[in-house]
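Asks: Encoded as structure tokens, here's the structure I'll be asking about.
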Amino acid sequence: MKQGTFFCIDAHTCGNPVRLVTSGHPQLHGNTMGEKRLDFIERYDWIRKALMFEPRGHDMMSGSFLYPPCSANADFSILFIETSGCLPMCGHGTIGTVTAALEAGLVKAKTPGQLIIDVPAGQLKVSYQQQGDKVTAVKITNIPSFLYAEKVSFEVPELGEMTMDVAYGGNFYGIIEPQGKFKGIEHHSAAELLRWSPVVREAARKVIDCVHPLDDKVRGLSHLLWTGTPKHPDSSAANAVFYGDKAIDRSPCGTGTSARMAQLFAKGLLKPGDTFVHESFIGSQFVGTIEAVTEVAGKAAIIPGIQGWAQVFGANQITVDDNDPYAYGFQVI
């Protein structure tokens, strides 16, 4: 019995993949995208694994589904899927999804150039620029982002004692500045960062339990943001974001950029009006801004703006057949 056929649009945002799934949407229970996300995880996670894992995907694969709006003022909703799970928020995924959906005519803005989108982490305001049928830039006004914890210390066998801040930008990020054997991302290969990252994350998880103060369904230190010196003179900072089991984000990472700006704001190193150009491990850039200052459960917070671009490069049809011994995907390492 065939489990499902899924039509997809494949794109990338500044180098990181986005697979917009345009058919085969499961009917989800819940009134909010947060509730629908939990229902998807409980009943339909096989879809995520089938479409994101090998042999139909790969270690860096990231994707999304479009759903009707949950709020009266929204244009539509997005459910994010990737190898690491079903995320509350994904910045590069939003930029890629909006680009692919607009160019394919799958969505139409109530107000041209402006969108309001419901996601599991909350509600996003999005603006976009278009030249003819091509979307040339997408800017996200993200959910409130804040510094969650400072100077979290832990031991890692190969690296010794480490200290990092933890910030929230839609997901929780451990932000690792150069220290000890880690000299900055420009001094290390992606393979080296991938070898260290799972061990560092596991060691950090033993000493800090991250829970969003307003939504206990959003929890867990899922991402690491390794920092370093940028390649481009117009970049403010550089990063390599680790997520899943063995993925380094090829884009500058939208929620990671939000978390990084929230950390720098809390330390007085970034202020409203500043432009923060964040560079990825491959040199692509997002332009970050502080759109407003707010608070979350008494913590100082920012409303981040993240602008980037995406490129659509293909379309495909994926059939998942449970006669296939690898119907629901696999990971090798």
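Residues in the structure tokens are numbered from 1 in each chain, the chains being A, B, ... in the order shown, and ligands are numbered from 1 in the order shown.
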Could you name the residues that touch A:Ala100 at 9 Å or less, counting only C-alpha atoms, but leaving out those on the same chain fewer than 3 positions away, as a compact mmCIF listing (two decimals) with all heavy atoms, in the first residue's frame?

Replies:
# COMPACT_ATOMS: atom_id res chain seq x y z
N ILE A 9 8.75 21.52 -4.22
CA ILE A 9 9.59 22.52 -4.87
C ILE A 9 10.88 22.60 -4.08
O ILE A 9 10.86 22.79 -2.86
CB ILE A 9 8.91 23.90 -4.90
CG1 ILE A 9 7.57 23.83 -5.65
CG2 ILE A 9 9.81 24.94 -5.53
CD1 ILE A 9 6.74 25.11 -5.53
N ASP A 10 12.01 22.43 -4.77
CA ASP A 10 13.30 22.48 -4.10
C ASP A 10 13.97 23.83 -4.34
O ASP A 10 13.99 24.34 -5.46
CB ASP A 10 14.21 21.34 -4.59
CG ASP A 10 13.90 20.03 -3.90
OD1 ASP A 10 13.39 20.06 -2.77
OD2 ASP A 10 14.15 18.96 -4.49
N ALA A 11 14.51 24.37 -3.27
CA ALA A 11 15.17 25.67 -3.31
C ALA A 11 16.32 25.66 -2.31
O ALA A 11 16.52 24.69 -1.58
CB ALA A 11 14.17 26.78 -2.99
N LEU A 20 9.96 22.69 -0.16
CA LEU A 20 8.56 23.04 0.11
C LEU A 20 7.67 21.93 -0.42
O LEU A 20 7.62 21.68 -1.63
CB LEU A 20 8.21 24.37 -0.55
CG LEU A 20 6.73 24.79 -0.51
CD1 LEU A 20 6.21 24.86 0.92
CD2 LEU A 20 6.53 26.12 -1.23
N ILE A 95 12.39 32.08 4.66
CA ILE A 95 12.80 32.84 3.47
C ILE A 95 12.64 31.98 2.21
O ILE A 95 12.10 32.42 1.18
CB ILE A 95 14.25 33.33 3.63
CG1 ILE A 95 14.32 34.39 4.73
CG2 ILE A 95 14.79 33.89 2.31
CD1 ILE A 95 15.74 34.78 5.15
N GLY A 96 13.08 30.72 2.27
CA GLY A 96 12.95 29.83 1.13
C GLY A 96 11.52 29.46 0.81
O GLY A 96 11.11 29.41 -0.36
N THR A 97 10.73 29.22 1.86
CA THR A 97 9.33 28.85 1.66
C THR A 97 8.55 30.00 1.04
O THR A 97 7.76 29.81 0.10
CB THR A 97 8.69 28.46 3.01
OG1 THR A 97 9.36 27.30 3.52
CG2 THR A 97 7.20 28.16 2.87
N GLU A 103 6.63 32.54 -5.94
CA GLU A 103 7.00 32.35 -7.34
C GLU A 103 6.14 31.29 -8.02
O GLU A 103 5.89 31.37 -9.22
CB GLU A 103 8.49 32.00 -7.46
CG GLU A 103 9.40 33.17 -7.10
CD GLU A 103 10.88 32.88 -7.34
OE1 GLU A 103 11.21 31.76 -7.80
OE2 GLU A 103 11.69 33.78 -7.07
N ALA A 104 5.66 30.31 -7.24
CA ALA A 104 4.79 29.27 -7.80
C ALA A 104 3.31 29.66 -7.79
O ALA A 104 2.47 28.90 -8.28
CB ALA A 104 4.98 27.97 -7.02
N GLY A 105 2.99 30.81 -7.20
CA GLY A 105 1.60 31.24 -7.13
C GLY A 105 0.77 30.48 -6.12
O GLY A 105 -0.46 30.45 -6.21
N LEU A 106 1.43 29.87 -5.14
CA LEU A 106 0.70 29.08 -4.13
C LEU A 106 0.06 29.95 -3.06
O LEU A 106 -0.88 29.53 -2.40
CB LEU A 106 1.65 28.08 -3.46
CG LEU A 106 2.29 27.03 -4.37
CD1 LEU A 106 3.27 26.18 -3.59
CD2 LEU A 106 1.22 26.17 -5.02
N VAL A 135 11.24 36.60 -6.76
CA VAL A 135 11.38 37.21 -5.44
C VAL A 135 12.87 37.38 -5.19
O VAL A 135 13.64 36.41 -5.19
CB VAL A 135 10.75 36.32 -4.35
CG1 VAL A 135 10.98 36.91 -2.96
CG2 VAL A 135 9.25 36.16 -4.61
N ALA A 310 16.59 33.65 -1.55
CA ALA A 310 16.53 32.22 -1.86
C ALA A 310 16.42 32.04 -3.37
O ALA A 310 15.99 32.94 -4.09
CB ALA A 310 15.35 31.56 -1.15
N GLN A 311 16.80 30.85 -3.81
CA GLN A 311 16.76 30.53 -5.23
C GLN A 311 16.05 29.19 -5.42
O GLN A 311 16.45 28.18 -4.83
CB GLN A 311 18.18 30.44 -5.79
CG GLN A 311 18.26 30.17 -7.28
CD GLN A 311 17.80 31.33 -8.13
OE1 GLN A 311 18.09 32.48 -7.80
NE2 GLN A 311 17.07 31.07 -9.20
N VAL A 312 14.99 29.19 -6.23
CA VAL A 312 14.31 27.94 -6.58
C VAL A 312 15.09 27.28 -7.71
O VAL A 312 15.46 27.93 -8.68
CB VAL A 312 12.86 28.21 -7.02
CG1 VAL A 312 12.19 26.93 -7.51
CG2 VAL A 312 12.07 28.83 -5.87

Asks: Any chance you could list, as a ChimeraX atom specification, the residues in stretch 40-194 of chain A that come up strand (DSSP E or B) when DSSP is run on the backbone?

Replies: /A:54,62-67,76-82,85,111,114-119,122-131,134-141,145-156,160-168,172-176,179,182

Asks: Write down as number ranges by chain the residues of stretch 9-256 of chain A whose backbone DSSP state falls under alpha helix (DSSP H).

Replies: A: 33-43, 45-52, 91-103, 190-205, 254-256

Asks: Near A:Thr111, counting only C-alpha atoms, which residues have an atom at most 12 Å away, once you skip same-chain residues fewer than 6 positions from it, shown as number ranges by chain?

Replies: A: 73-75, 125-128

Asks: Identify which of the residues A:Gly254, A:Phe146, A:Ala203, A:Gln123 lies closest to A:Met162, counting only C-alpha atoms when measuring atom-to-atom distances.

Replies: A:Ala203

Asks: Determine the nearest neighbour of A:Asp118 from the options A:Ala327, A:Met52, A:Met33, A:Val98, counting only C-alpha atoms.

Replies: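 Ranking A:Ala327, A:Met52, A:Met33, A:Val98 by distance to A:Asp118, first place goes to A:Met33.
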
Asks: Quick one: of A:Gly268, A:Pro178, A:Gly283, A:Gly308, who's nearest to A:Asp234, counting only C-alpha atoms?

Replies: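 Closest to A:Asp234, using only C-alpha atoms: A:Gly283.
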
Asks: Name the closest residue to A:Pro55 among the candidates A:Gln27, A:Gln331, A:Thr257, A:Gln263; distances are taken between atoms, counting only C-alpha atoms.

Replies: A:Gln331

Asks: Would you mind telling me which residue in A:Ser62, A:Thr163, A:Gln317, A:Gln285 lies nearest to A:Thr83 when using only C-alpha atoms?

Replies: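 Counting only C-alpha atoms, the residue closest to A:Thr83 is A:Ser62.
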
Asks: Using only C-alpha atoms, which of the listed residues (A:Glu192, A:Asp322, A:Phe76, A:Gly169) sits closest to A:Val218?

Replies: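 Among A:Glu192, A:Asp322, A:Phe76, A:Gly169, it is A:Gly169 that comes nearest to A:Val218.
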
Asks: At what distance in Å, to one decimal, does atom CA of A:Ser236 lie from atom CA of A:Phe276?

Replies: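 Separating atom CA of A:Phe276 from atom CA of A:Ser236 is a distance of 5.7 Å.
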
Asks: So that I can check the surroundings of A:His278, please list as a ChimeraX atom specification every protein, DNA and RNA residue that reaches within 12 Å of it, counting only C-alpha atoms and ignoring chain neighbours fewer than 4 positions away.

Replies: /A:14,225,227-241,251-261,282-289,306-308

Asks: Can I get the selection written as a short mmCIF file (atom, residue, chain, number, x, y, z; two decimals), in the first residue's frame, with N, CA and C atoms?

Replies:
data_model
loop_
_atom_site.label_atom_id
_atom_site.label_comp_id
_atom_site.auth_asym_id
_atom_site.auth_seq_id
_atom_site.Cartn_x
_atom_site.Cartn_y
_atom_site.Cartn_z
N CYS A 14 20.48 31.06 0.59
CA CYS A 14 21.90 31.37 0.82
C CYS A 14 22.74 30.11 0.98
N LEU A 225 26.10 27.56 18.05
CA LEU A 225 26.55 28.60 17.13
C LEU A 225 28.01 28.90 17.43
N THR A 227 31.46 30.75 16.63
CA THR A 227 31.71 32.08 16.09
C THR A 227 33.14 32.19 15.56
N GLY A 228 33.39 33.30 14.85
CA GLY A 228 34.72 33.51 14.31
C GLY A 228 34.80 34.80 13.52
N THR A 229 35.91 34.97 12.83
CA THR A 229 36.17 36.18 12.05
C THR A 229 35.62 36.00 10.64
N PRO A 230 34.86 36.97 10.13
CA PRO A 230 34.27 36.82 8.80
C PRO A 230 35.29 36.93 7.67
N LYS A 231 34.89 36.40 6.50
CA LYS A 231 35.71 36.48 5.30
C LYS A 231 35.55 37.83 4.61
N HIS A 232 34.34 38.39 4.65
CA HIS A 232 34.03 39.61 3.90
C HIS A 232 34.17 40.85 4.78
N PRO A 233 34.73 41.93 4.23
CA PRO A 233 34.92 43.14 5.03
C PRO A 233 33.62 43.81 5.47
N ASP A 234 32.52 43.55 4.75
CA ASP A 234 31.25 44.17 5.15
C ASP A 234 30.43 43.30 6.10
N SER A 235 30.97 42.15 6.52
CA SER A 235 30.29 41.30 7.51
C SER A 235 30.62 41.76 8.92
N SER A 236 29.63 41.72 9.80
CA SER A 236 29.84 42.09 11.21
C SER A 236 30.41 40.93 12.02
N ALA A 237 30.04 39.72 11.66
CA ALA A 237 30.45 38.53 12.41
C ALA A 237 30.22 37.31 11.53
N ALA A 238 30.83 36.19 11.92
CA ALA A 238 30.66 34.95 11.18
C ALA A 238 30.26 33.84 12.13
N ASN A 239 29.60 32.83 11.57
CA ASN A 239 29.15 31.72 12.41
C ASN A 239 29.09 30.43 11.63
N ALA A 240 29.11 29.34 12.37
CA ALA A 240 28.81 28.02 11.82
C ALA A 240 27.82 27.38 12.79
N VAL A 241 26.58 27.23 12.37
CA VAL A 241 25.54 26.67 13.23
C VAL A 241 25.46 25.17 13.04
N SER A 251 23.61 28.37 5.38
CA SER A 251 23.16 29.76 5.42
C SER A 251 23.65 30.40 6.72
N PRO A 252 23.50 31.73 6.86
CA PRO A 252 23.89 32.35 8.13
C PRO A 252 22.94 32.03 9.29
N CYS A 253 21.83 31.35 9.01
CA CYS A 253 20.87 30.87 10.01
C CYS A 253 20.04 32.03 10.58
N GLY A 254 18.76 32.02 10.28
CA GLY A 254 17.89 33.11 10.71
C GLY A 254 17.62 33.14 12.20
N THR A 255 17.26 32.00 12.78
CA THR A 255 17.02 31.99 14.23
C THR A 255 18.33 32.13 14.99
N GLY A 256 19.42 31.61 14.39
CA GLY A 256 20.73 31.79 15.01
C GLY A 256 21.19 33.23 14.98
N THR A 257 20.92 33.93 13.88
CA THR A 257 21.24 35.36 13.80
C THR A 257 20.41 36.14 14.81
N SER A 258 19.15 35.76 14.98
CA SER A 258 18.28 36.41 15.98
C SER A 258 18.84 36.20 17.38
N ALA A 259 19.26 34.97 17.69
CA ALA A 259 19.83 34.67 19.00
C ALA A 259 21.12 35.43 19.23
N ARG A 260 21.96 35.48 18.20
CA ARG A 260 23.25 36.19 18.32
C ARG A 260 23.02 37.69 18.55
N MET A 261 22.08 38.28 17.84
CA MET A 261 21.80 39.70 18.05
C MET A 261 21.23 39.95 19.44
N ILE A 282 30.06 29.30 4.60
CA ILE A 282 30.44 29.36 3.18
C ILE A 282 30.54 30.79 2.68
N GLY A 283 30.26 31.77 3.54
CA GLY A 283 30.43 33.17 3.17
C GLY A 283 29.17 33.89 2.75
N SER A 284 28.01 33.23 2.70
CA SER A 284 26.75 33.91 2.38
C SER A 284 26.32 34.76 3.57
N GLN A 285 25.45 35.74 3.31
CA GLN A 285 25.14 36.75 4.33
C GLN A 285 23.64 36.95 4.53
N PHE A 286 23.25 37.18 5.78
CA PHE A 286 21.95 37.74 6.15
C PHE A 286 22.20 39.13 6.73
N VAL A 287 21.24 40.02 6.52
CA VAL A 287 21.32 41.35 7.11
C VAL A 287 20.35 41.41 8.29
N GLY A 288 20.88 41.60 9.49
CA GLY A 288 20.07 41.63 10.70
C GLY A 288 19.90 43.05 11.21
N THR A 289 18.74 43.31 11.82
CA THR A 289 18.45 44.60 12.45
C THR A 289 17.65 44.35 13.72
N ILE A 306 15.47 39.96 9.91
CA ILE A 306 16.45 39.15 9.18
C ILE A 306 16.11 39.20 7.70
N GLN A 307 17.05 39.67 6.89
CA GLN A 307 16.81 39.72 5.44
C GLN A 307 17.80 38.83 4.70
N GLY A 308 17.26 38.06 3.75
CA GLY A 308 18.10 37.20 2.92
C GLY A 308 17.42 36.92 1.60
#
